[in-house]
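What follows is final.cif (mmCIF, N, CA and C atoms).
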```cif
data_structure
#
loop_
_atom_site.group_PDB
_atom_site.id
_atom_site.type_symbol
_atom_site.label_atom_id
_atom_site.label_comp_id
_atom_site.auth_asym_id
_atom_site.auth_seq_id
_atom_site.Cartn_x
_atom_site.Cartn_y
_atom_site.Cartn_z
ATOM 1 N N MET A 1 -12.432 -19.335 -100.810
ATOM 2 C CA MET A 1 -12.467 -17.900 -100.611
ATOM 3 C C MET A 1 -11.573 -17.541 -99.433
ATOM 4 N N ASP A 2 -10.736 -16.580 -99.635
ATOM 5 C CA ASP A 2 -9.804 -16.170 -98.600
ATOM 6 C C ASP A 2 -10.184 -14.777 -98.109
ATOM 7 N N TYR A 3 -10.965 -14.732 -97.034
ATOM 8 C CA TYR A 3 -11.397 -13.464 -96.468
ATOM 9 C C TYR A 3 -10.474 -13.046 -95.333
ATOM 10 N N ASN A 4 -10.158 -11.764 -95.308
ATOM 11 C CA ASN A 4 -9.481 -11.205 -94.147
ATOM 12 C C ASN A 4 -10.514 -11.164 -93.033
ATOM 13 N N ARG A 5 -10.222 -11.814 -91.914
ATOM 14 C CA ARG A 5 -11.217 -11.954 -90.846
ATOM 15 C C ARG A 5 -11.725 -10.623 -90.309
ATOM 16 N N GLY A 6 -10.830 -9.672 -90.094
ATOM 17 C CA GLY A 6 -11.257 -8.368 -89.604
ATOM 18 C C GLY A 6 -12.118 -7.643 -90.610
ATOM 19 N N ASN A 7 -11.725 -7.728 -91.866
ATOM 20 C CA ASN A 7 -12.489 -7.092 -92.927
ATOM 21 C C ASN A 7 -13.864 -7.739 -93.064
ATOM 22 N N LEU A 8 -13.939 -9.044 -92.936
ATOM 23 C CA LEU A 8 -15.212 -9.743 -93.010
ATOM 24 C C LEU A 8 -16.127 -9.306 -91.866
ATOM 25 N N PHE A 9 -15.580 -9.223 -90.673
ATOM 26 C CA PHE A 9 -16.373 -8.769 -89.526
ATOM 27 C C PHE A 9 -16.915 -7.361 -89.773
ATOM 28 N N ALA A 10 -16.064 -6.468 -90.244
ATOM 29 C CA ALA A 10 -16.492 -5.082 -90.499
ATOM 30 C C ALA A 10 -17.572 -5.035 -91.573
ATOM 31 N N LYS A 11 -17.395 -5.795 -92.662
ATOM 32 C CA LYS A 11 -18.399 -5.808 -93.727
ATOM 33 C C LYS A 11 -19.744 -6.304 -93.218
ATOM 34 N N ARG A 12 -19.708 -7.386 -92.453
ATOM 35 C CA ARG A 12 -20.942 -7.941 -91.937
ATOM 36 C C ARG A 12 -21.591 -6.988 -90.937
ATOM 37 N N LEU A 13 -20.781 -6.367 -90.094
ATOM 38 C CA LEU A 13 -21.321 -5.444 -89.105
ATOM 39 C C LEU A 13 -21.983 -4.255 -89.792
ATOM 40 N N TYR A 14 -21.336 -3.690 -90.792
ATOM 41 C CA TYR A 14 -21.931 -2.567 -91.513
ATOM 42 C C TYR A 14 -23.214 -2.977 -92.217
ATOM 43 N N LYS A 15 -23.253 -4.211 -92.746
ATOM 44 C CA LYS A 15 -24.472 -4.670 -93.406
ATOM 45 C C LYS A 15 -25.617 -4.743 -92.408
ATOM 46 N N TYR A 16 -25.372 -5.332 -91.247
ATOM 47 C CA TYR A 16 -26.403 -5.402 -90.213
ATOM 48 C C TYR A 16 -26.814 -4.006 -89.758
ATOM 49 N N MET A 17 -25.865 -3.113 -89.636
ATOM 50 C CA MET A 17 -26.186 -1.748 -89.211
ATOM 51 C C MET A 17 -27.088 -1.072 -90.240
ATOM 52 N N ARG A 18 -26.779 -1.245 -91.522
ATOM 53 C CA ARG A 18 -27.623 -0.654 -92.575
ATOM 54 C C ARG A 18 -29.005 -1.288 -92.595
ATOM 55 N N MET A 19 -29.056 -2.627 -92.514
ATOM 56 C CA MET A 19 -30.338 -3.336 -92.566
ATOM 57 C C MET A 19 -31.254 -2.933 -91.428
ATOM 58 N N ARG A 20 -30.685 -2.685 -90.271
ATOM 59 C CA ARG A 20 -31.487 -2.405 -89.083
ATOM 60 C C ARG A 20 -31.443 -0.939 -88.665
ATOM 61 N N ASP A 21 -30.828 -0.111 -89.509
ATOM 62 C CA ASP A 21 -30.739 1.324 -89.260
ATOM 63 C C ASP A 21 -30.158 1.608 -87.866
ATOM 64 N N LEU A 22 -28.979 1.013 -87.607
ATOM 65 C CA LEU A 22 -28.303 1.173 -86.324
ATOM 66 C C LEU A 22 -27.005 1.956 -86.495
ATOM 67 N N THR A 23 -26.646 2.683 -85.484
ATOM 68 C CA THR A 23 -25.350 3.362 -85.466
ATOM 69 C C THR A 23 -24.341 2.474 -84.739
ATOM 70 N N LEU A 24 -23.080 2.785 -84.904
ATOM 71 C CA LEU A 24 -22.041 2.052 -84.194
ATOM 72 C C LEU A 24 -22.224 2.188 -82.686
ATOM 73 N N ASN A 25 -22.589 3.364 -82.240
ATOM 74 C CA ASN A 25 -22.840 3.578 -80.810
ATOM 75 C C ASN A 25 -23.982 2.710 -80.302
ATOM 76 N N ARG A 26 -25.023 2.564 -81.091
ATOM 77 C CA ARG A 26 -26.174 1.747 -80.680
ATOM 78 C C ARG A 26 -25.788 0.272 -80.615
ATOM 79 N N VAL A 27 -25.035 -0.202 -81.616
ATOM 80 C CA VAL A 27 -24.577 -1.595 -81.610
ATOM 81 C C VAL A 27 -23.700 -1.839 -80.383
ATOM 82 N N ALA A 28 -22.835 -0.895 -80.085
ATOM 83 C CA ALA A 28 -21.963 -1.028 -78.918
ATOM 84 C C ALA A 28 -22.796 -1.139 -77.646
ATOM 85 N N LYS A 29 -23.793 -0.287 -77.521
ATOM 86 C CA LYS A 29 -24.642 -0.315 -76.322
ATOM 87 C C LYS A 29 -25.410 -1.632 -76.224
ATOM 88 N N LEU A 30 -25.984 -2.087 -77.336
ATOM 89 C CA LEU A 30 -26.721 -3.350 -77.342
ATOM 90 C C LEU A 30 -25.813 -4.533 -76.996
ATOM 91 N N SER A 31 -24.542 -4.408 -77.359
ATOM 92 C CA SER A 31 -23.574 -5.490 -77.166
ATOM 93 C C SER A 31 -22.852 -5.408 -75.826
ATOM 94 N N GLY A 32 -23.026 -4.316 -75.113
ATOM 95 C CA GLY A 32 -22.323 -4.138 -73.848
ATOM 96 C C GLY A 32 -20.850 -3.838 -74.049
ATOM 97 N N LEU A 33 -20.535 -3.203 -75.157
ATOM 98 C CA LEU A 33 -19.157 -2.828 -75.484
ATOM 99 C C LEU A 33 -19.069 -1.319 -75.602
ATOM 100 N N THR A 34 -17.861 -0.819 -75.659
ATOM 101 C CA THR A 34 -17.697 0.610 -75.921
ATOM 102 C C THR A 34 -17.623 0.822 -77.435
ATOM 103 N N ALA A 35 -18.050 1.986 -77.863
ATOM 104 C CA ALA A 35 -17.972 2.317 -79.279
ATOM 105 C C ALA A 35 -16.518 2.321 -79.744
ATOM 106 N N SER A 36 -15.602 2.703 -78.880
ATOM 107 C CA SER A 36 -14.189 2.726 -79.268
ATOM 108 C C SER A 36 -13.660 1.312 -79.524
ATOM 109 N N THR A 37 -14.159 0.323 -78.784
ATOM 110 C CA THR A 37 -13.752 -1.064 -79.029
ATOM 111 C C THR A 37 -14.163 -1.487 -80.429
ATOM 112 N N LEU A 38 -15.416 -1.253 -80.790
ATOM 113 C CA LEU A 38 -15.872 -1.612 -82.133
ATOM 114 C C LEU A 38 -15.149 -0.798 -83.198
ATOM 115 N N ASN A 39 -14.944 0.469 -82.929
ATOM 116 C CA ASN A 39 -14.238 1.317 -83.879
ATOM 117 C C ASN A 39 -12.816 0.821 -84.111
ATOM 118 N N ASN A 40 -12.124 0.410 -83.068
ATOM 119 C CA ASN A 40 -10.764 -0.118 -83.210
ATOM 120 C C ASN A 40 -10.744 -1.394 -84.035
ATOM 121 N N ILE A 41 -11.717 -2.253 -83.832
ATOM 122 C CA ILE A 41 -11.783 -3.485 -84.611
ATOM 123 C C ILE A 41 -12.038 -3.175 -86.083
ATOM 124 N N ILE A 42 -12.976 -2.300 -86.335
ATOM 125 C CA ILE A 42 -13.330 -1.958 -87.710
ATOM 126 C C ILE A 42 -12.169 -1.289 -88.433
ATOM 127 N N ASN A 43 -11.455 -0.443 -87.735
ATOM 128 C CA ASN A 43 -10.316 0.239 -88.354
ATOM 129 C C ASN A 43 -9.047 -0.599 -88.320
ATOM 130 N N ARG A 44 -9.179 -1.855 -87.868
ATOM 131 C CA ARG A 44 -8.103 -2.842 -87.860
ATOM 132 C C ARG A 44 -6.904 -2.470 -87.002
ATOM 133 N N SER A 45 -7.115 -1.612 -86.030
ATOM 134 C CA SER A 45 -6.003 -1.340 -85.124
ATOM 135 C C SER A 45 -5.949 -2.398 -84.028
ATOM 136 N N SER A 46 -6.989 -3.228 -83.962
ATOM 137 C CA SER A 46 -6.962 -4.377 -83.064
ATOM 138 C C SER A 46 -7.782 -5.490 -83.698
ATOM 139 N N SER A 47 -7.493 -6.707 -83.337
ATOM 140 C CA SER A 47 -8.249 -7.822 -83.899
ATOM 141 C C SER A 47 -9.472 -8.090 -83.042
ATOM 142 N N SER A 48 -10.468 -8.668 -83.669
ATOM 143 C CA SER A 48 -11.681 -8.974 -82.933
ATOM 144 C C SER A 48 -11.528 -10.301 -82.216
ATOM 145 N N ARG A 49 -11.832 -10.305 -80.942
ATOM 146 C CA ARG A 49 -11.766 -11.523 -80.149
ATOM 147 C C ARG A 49 -13.080 -12.276 -80.296
ATOM 148 N N VAL A 50 -13.031 -13.560 -80.079
ATOM 149 C CA VAL A 50 -14.221 -14.389 -80.207
ATOM 150 C C VAL A 50 -15.327 -13.908 -79.270
ATOM 151 N N ASP A 51 -14.980 -13.561 -78.055
ATOM 152 C CA ASP A 51 -16.008 -13.110 -77.118
ATOM 153 C C ASP A 51 -16.625 -11.790 -77.560
ATOM 154 N N THR A 52 -15.851 -10.941 -78.217
ATOM 155 C CA THR A 52 -16.379 -9.677 -78.727
ATOM 156 C C THR A 52 -17.359 -9.937 -79.863
ATOM 157 N N ILE A 53 -16.992 -10.842 -80.766
ATOM 158 C CA ILE A 53 -17.891 -11.200 -81.869
ATOM 159 C C ILE A 53 -19.189 -11.783 -81.313
ATOM 160 N N TYR A 54 -19.063 -12.652 -80.325
ATOM 161 C CA TYR A 54 -20.239 -13.256 -79.705
ATOM 162 C C TYR A 54 -21.131 -12.176 -79.081
ATOM 163 N N ARG A 55 -20.531 -11.226 -78.411
ATOM 164 C CA ARG A 55 -21.321 -10.162 -77.767
ATOM 165 C C ARG A 55 -22.040 -9.301 -78.803
ATOM 166 N N VAL A 56 -21.365 -9.001 -79.911
ATOM 167 C CA VAL A 56 -21.999 -8.215 -80.975
ATOM 168 C C VAL A 56 -23.180 -8.994 -81.548
ATOM 169 N N CYS A 57 -22.966 -10.265 -81.851
ATOM 170 C CA CYS A 57 -24.045 -11.091 -82.395
ATOM 171 C C CYS A 57 -25.205 -11.181 -81.418
ATOM 172 N N ASN A 58 -24.901 -11.351 -80.160
ATOM 173 C CA ASN A 58 -25.942 -11.406 -79.136
ATOM 174 C C ASN A 58 -26.708 -10.083 -79.090
ATOM 175 N N GLY A 59 -25.995 -8.977 -79.161
ATOM 176 C CA GLY A 59 -26.639 -7.666 -79.163
ATOM 177 C C GLY A 59 -27.517 -7.438 -80.379
ATOM 178 N N LEU A 60 -27.142 -8.055 -81.501
ATOM 179 C CA LEU A 60 -27.922 -7.942 -82.738
ATOM 180 C C LEU A 60 -29.011 -9.016 -82.828
ATOM 181 N N HIS A 61 -29.094 -9.854 -81.814
ATOM 182 C CA HIS A 61 -30.065 -10.956 -81.771
ATOM 183 C C HIS A 61 -29.926 -11.880 -82.972
ATOM 184 N N THR A 62 -28.684 -12.247 -83.256
ATOM 185 C CA THR A 62 -28.410 -13.197 -84.325
ATOM 186 C C THR A 62 -27.330 -14.160 -83.860
ATOM 187 N N SER A 63 -27.268 -15.306 -84.480
ATOM 188 C CA SER A 63 -26.224 -16.273 -84.127
ATOM 189 C C SER A 63 -24.936 -15.904 -84.862
ATOM 190 N N VAL A 64 -23.830 -16.369 -84.342
ATOM 191 C CA VAL A 64 -22.545 -16.137 -85.010
ATOM 192 C C VAL A 64 -22.585 -16.768 -86.391
ATOM 193 N N ARG A 65 -23.186 -17.942 -86.482
ATOM 194 C CA ARG A 65 -23.293 -18.627 -87.778
ATOM 195 C C ARG A 65 -24.043 -17.765 -88.792
ATOM 196 N N ASP A 66 -25.197 -17.237 -88.400
ATOM 197 C CA ASP A 66 -25.970 -16.388 -89.310
ATOM 198 C C ASP A 66 -25.240 -15.091 -89.628
ATOM 199 N N PHE A 67 -24.542 -14.553 -88.666
ATOM 200 C CA PHE A 67 -23.795 -13.311 -88.876
ATOM 201 C C PHE A 67 -22.765 -13.475 -89.997
ATOM 202 N N PHE A 68 -22.091 -14.622 -90.009
ATOM 203 C CA PHE A 68 -21.039 -14.854 -90.998
ATOM 204 C C PHE A 68 -21.463 -15.716 -92.171
ATOM 205 N N ARG A 69 -22.735 -16.032 -92.292
ATOM 206 C CA ARG A 69 -23.203 -16.881 -93.402
ATOM 207 C C ARG A 69 -22.782 -16.285 -94.728
ATOM 208 N N LEU A 70 -22.050 -17.065 -95.498
ATOM 209 C CA LEU A 70 -21.493 -16.589 -96.767
ATOM 210 C C LEU A 70 -22.556 -16.230 -97.771
ATOM 211 N N SER A 71 -23.664 -16.942 -97.783
ATOM 212 C CA SER A 71 -24.704 -16.661 -98.776
ATOM 213 C C SER A 71 -25.365 -15.306 -98.568
ATOM 214 N N SER A 72 -25.176 -14.723 -97.399
ATOM 215 C CA SER A 72 -25.803 -13.421 -97.131
ATOM 216 C C SER A 72 -24.788 -12.269 -97.201
ATOM 217 N N LEU A 73 -23.655 -12.493 -97.832
ATOM 218 C CA LEU A 73 -22.643 -11.437 -97.944
ATOM 219 C C LEU A 73 -22.957 -10.428 -99.037
ATOM 220 N N GLN A 74 -23.933 -10.667 -99.854
ATOM 221 C CA GLN A 74 -24.210 -9.809 -101.005
ATOM 222 C C GLN A 74 -24.599 -8.425 -100.604
#
```
The structure given in the file should be rewritten as structure tokens.
Amino acid sequence: MDYNRGNLFAKRLYKYMRMRDLTLNRVAKLSGLTASTLNNIINRSSSSRVDTIYRVCNGLHTSVRDFFRLSSLQ
């Protein structure tokens, strides 16, 4: 499977947001990031850095592995 990394991050982030009824602003606050940083990543105007992904996962109380687990992409 050849996933675009930015697109995969955005898909997974939106799934977590829907599952937990979170807004982008709330995820940003939980992650210690600005909403504009997450918005830029999602809109692909910038790539997501590993530390940013880690911070988002930490804010969502999930591991990076679980965040990107392929079996949960449905």
Checklist entry - What lies within 7 Å of range 7-13 of chain A using all atoms listed in the file, ignoring chain neighbours under 6 positions off, as a PyMOL selection string? => result chain A and resi 41-42+67-68
Item to check | Close residues, range 53-64 of chain A itself excluded, 6.5 Å, only N, CA and C atoms, min 3 positions apart in chain, as a list in words | outcome: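 The contact residues come out as Leu30, Ser31, Gly32, Ser48, Arg49, Val50, Phe67, Phe68 and Arg69 of chain A.
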Next on the checklist: Please compute the CA of Ala35 in chain A-CA of Arg65 in chain A distance, one decimal, in Å.
Outcome noted: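 For CA of Ala35 in chain A relative to CA of Arg65 in chain A, the distance reads 23.2 Å.
Rounded to one decimal, CA of Leu38 in chain A and CA of Leu24 in chain A lie 7.5 Å from each other.
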List every residue of chain A that DSSP, applied to the backbone, labels as helix (DSSP H, G or I), and write the result as a compact mmCIF listing (two decimals) with N, CA and C atoms, keeping the file's coordinate frame.
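File written: out-v7.txt
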```txt
# COMPACT_ATOMS: atom_id res chain seq x y z
N ARG A 5 -10.22 -11.81 -91.91
CA ARG A 5 -11.22 -11.95 -90.85
C ARG A 5 -11.72 -10.62 -90.31
N GLY A 6 -10.83 -9.67 -90.09
CA GLY A 6 -11.26 -8.37 -89.60
C GLY A 6 -12.12 -7.64 -90.61
N ASN A 7 -11.72 -7.73 -91.87
CA ASN A 7 -12.49 -7.09 -92.93
C ASN A 7 -13.86 -7.74 -93.06
N LEU A 8 -13.94 -9.04 -92.94
CA LEU A 8 -15.21 -9.74 -93.01
C LEU A 8 -16.13 -9.31 -91.87
N PHE A 9 -15.58 -9.22 -90.67
CA PHE A 9 -16.37 -8.77 -89.53
C PHE A 9 -16.92 -7.36 -89.77
N ALA A 10 -16.06 -6.47 -90.24
CA ALA A 10 -16.49 -5.08 -90.50
C ALA A 10 -17.57 -5.04 -91.57
N LYS A 11 -17.40 -5.80 -92.66
CA LYS A 11 -18.40 -5.81 -93.73
C LYS A 11 -19.74 -6.30 -93.22
N ARG A 12 -19.71 -7.39 -92.45
CA ARG A 12 -20.94 -7.94 -91.94
C ARG A 12 -21.59 -6.99 -90.94
N LEU A 13 -20.78 -6.37 -90.09
CA LEU A 13 -21.32 -5.44 -89.10
C LEU A 13 -21.98 -4.26 -89.79
N TYR A 14 -21.34 -3.69 -90.79
CA TYR A 14 -21.93 -2.57 -91.51
C TYR A 14 -23.21 -2.98 -92.22
N LYS A 15 -23.25 -4.21 -92.75
CA LYS A 15 -24.47 -4.67 -93.41
C LYS A 15 -25.62 -4.74 -92.41
N TYR A 16 -25.37 -5.33 -91.25
CA TYR A 16 -26.40 -5.40 -90.21
C TYR A 16 -26.81 -4.01 -89.76
N MET A 17 -25.86 -3.11 -89.64
CA MET A 17 -26.19 -1.75 -89.21
C MET A 17 -27.09 -1.07 -90.24
N ARG A 18 -26.78 -1.25 -91.52
CA ARG A 18 -27.62 -0.65 -92.58
C ARG A 18 -29.00 -1.29 -92.60
N MET A 19 -29.06 -2.63 -92.51
CA MET A 19 -30.34 -3.34 -92.57
C MET A 19 -31.25 -2.93 -91.43
N ARG A 20 -30.68 -2.68 -90.27
CA ARG A 20 -31.49 -2.40 -89.08
C ARG A 20 -31.44 -0.94 -88.66
N LEU A 24 -23.08 2.78 -84.90
CA LEU A 24 -22.04 2.05 -84.19
C LEU A 24 -22.22 2.19 -82.69
N ASN A 25 -22.59 3.36 -82.24
CA ASN A 25 -22.84 3.58 -80.81
C ASN A 25 -23.98 2.71 -80.30
N ARG A 26 -25.02 2.56 -81.09
CA ARG A 26 -26.17 1.75 -80.68
C ARG A 26 -25.79 0.27 -80.61
N VAL A 27 -25.04 -0.20 -81.62
CA VAL A 27 -24.58 -1.60 -81.61
C VAL A 27 -23.70 -1.84 -80.38
N ALA A 28 -22.84 -0.90 -80.08
CA ALA A 28 -21.96 -1.03 -78.92
C ALA A 28 -22.80 -1.14 -77.65
N LYS A 29 -23.79 -0.29 -77.52
CA LYS A 29 -24.64 -0.32 -76.32
C LYS A 29 -25.41 -1.63 -76.22
N LEU A 30 -25.98 -2.09 -77.34
CA LEU A 30 -26.72 -3.35 -77.34
C LEU A 30 -25.81 -4.53 -77.00
N SER A 31 -24.54 -4.41 -77.36
CA SER A 31 -23.57 -5.49 -77.17
C SER A 31 -22.85 -5.41 -75.83
N ALA A 35 -18.05 1.99 -77.86
CA ALA A 35 -17.97 2.32 -79.28
C ALA A 35 -16.52 2.32 -79.74
N SER A 36 -15.60 2.70 -78.88
CA SER A 36 -14.19 2.73 -79.27
C SER A 36 -13.66 1.31 -79.52
N THR A 37 -14.16 0.32 -78.78
CA THR A 37 -13.75 -1.06 -79.03
C THR A 37 -14.16 -1.49 -80.43
N LEU A 38 -15.42 -1.25 -80.79
CA LEU A 38 -15.87 -1.61 -82.13
C LEU A 38 -15.15 -0.80 -83.20
N ASN A 39 -14.94 0.47 -82.93
CA ASN A 39 -14.24 1.32 -83.88
C ASN A 39 -12.82 0.82 -84.11
N ASN A 40 -12.12 0.41 -83.07
CA ASN A 40 -10.76 -0.12 -83.21
C ASN A 40 -10.74 -1.39 -84.04
N ILE A 41 -11.72 -2.25 -83.83
CA ILE A 41 -11.78 -3.48 -84.61
C ILE A 41 -12.04 -3.18 -86.08
N ILE A 42 -12.98 -2.30 -86.34
CA ILE A 42 -13.33 -1.96 -87.71
C ILE A 42 -12.17 -1.29 -88.43
N VAL A 50 -13.03 -13.56 -80.08
CA VAL A 50 -14.22 -14.39 -80.21
C VAL A 50 -15.33 -13.91 -79.27
N ASP A 51 -14.98 -13.56 -78.06
CA ASP A 51 -16.01 -13.11 -77.12
C ASP A 51 -16.62 -11.79 -77.56
N THR A 52 -15.85 -10.94 -78.22
CA THR A 52 -16.38 -9.68 -78.73
C THR A 52 -17.36 -9.94 -79.86
N ILE A 53 -16.99 -10.84 -80.77
CA ILE A 53 -17.89 -11.20 -81.87
C ILE A 53 -19.19 -11.78 -81.31
N TYR A 54 -19.06 -12.65 -80.32
CA TYR A 54 -20.24 -13.26 -79.70
C TYR A 54 -21.13 -12.18 -79.08
N ARG A 55 -20.53 -11.23 -78.41
CA ARG A 55 -21.32 -10.16 -77.77
C ARG A 55 -22.04 -9.30 -78.80
N VAL A 56 -21.36 -9.00 -79.91
CA VAL A 56 -22.00 -8.22 -80.97
C VAL A 56 -23.18 -8.99 -81.55
N CYS A 57 -22.97 -10.26 -81.85
CA CYS A 57 -24.04 -11.09 -82.40
C CYS A 57 -25.20 -11.18 -81.42
N ASN A 58 -24.90 -11.35 -80.16
CA ASN A 58 -25.94 -11.41 -79.14
C ASN A 58 -26.71 -10.08 -79.09
N GLY A 59 -26.00 -8.98 -79.16
CA GLY A 59 -26.64 -7.67 -79.16
C GLY A 59 -27.52 -7.44 -80.38
N VAL A 64 -23.83 -16.37 -84.34
CA VAL A 64 -22.54 -16.14 -85.01
C VAL A 64 -22.58 -16.77 -86.39
N ARG A 65 -23.19 -17.94 -86.48
CA ARG A 65 -23.29 -18.63 -87.78
C ARG A 65 -24.04 -17.76 -88.79
N ASP A 66 -25.20 -17.24 -88.40
CA ASP A 66 -25.97 -16.39 -89.31
C ASP A 66 -25.24 -15.09 -89.63
N PHE A 67 -24.54 -14.55 -88.67
CA PHE A 67 -23.80 -13.31 -88.88
C PHE A 67 -22.76 -13.48 -90.00
N LEU A 70 -22.05 -17.07 -95.50
CA LEU A 70 -21.49 -16.59 -96.77
C LEU A 70 -22.56 -16.23 -97.77
N SER A 71 -23.66 -16.94 -97.78
CA SER A 71 -24.70 -16.66 -98.78
C SER A 71 -25.36 -15.31 -98.57
N SER A 72 -25.18 -14.72 -97.40
CA SER A 72 -25.80 -13.42 -97.13
C SER A 72 -24.79 -12.27 -97.20
```
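CA of Val27 in chain A lies 10.3 Å from CA of Tyr14 in chain A.
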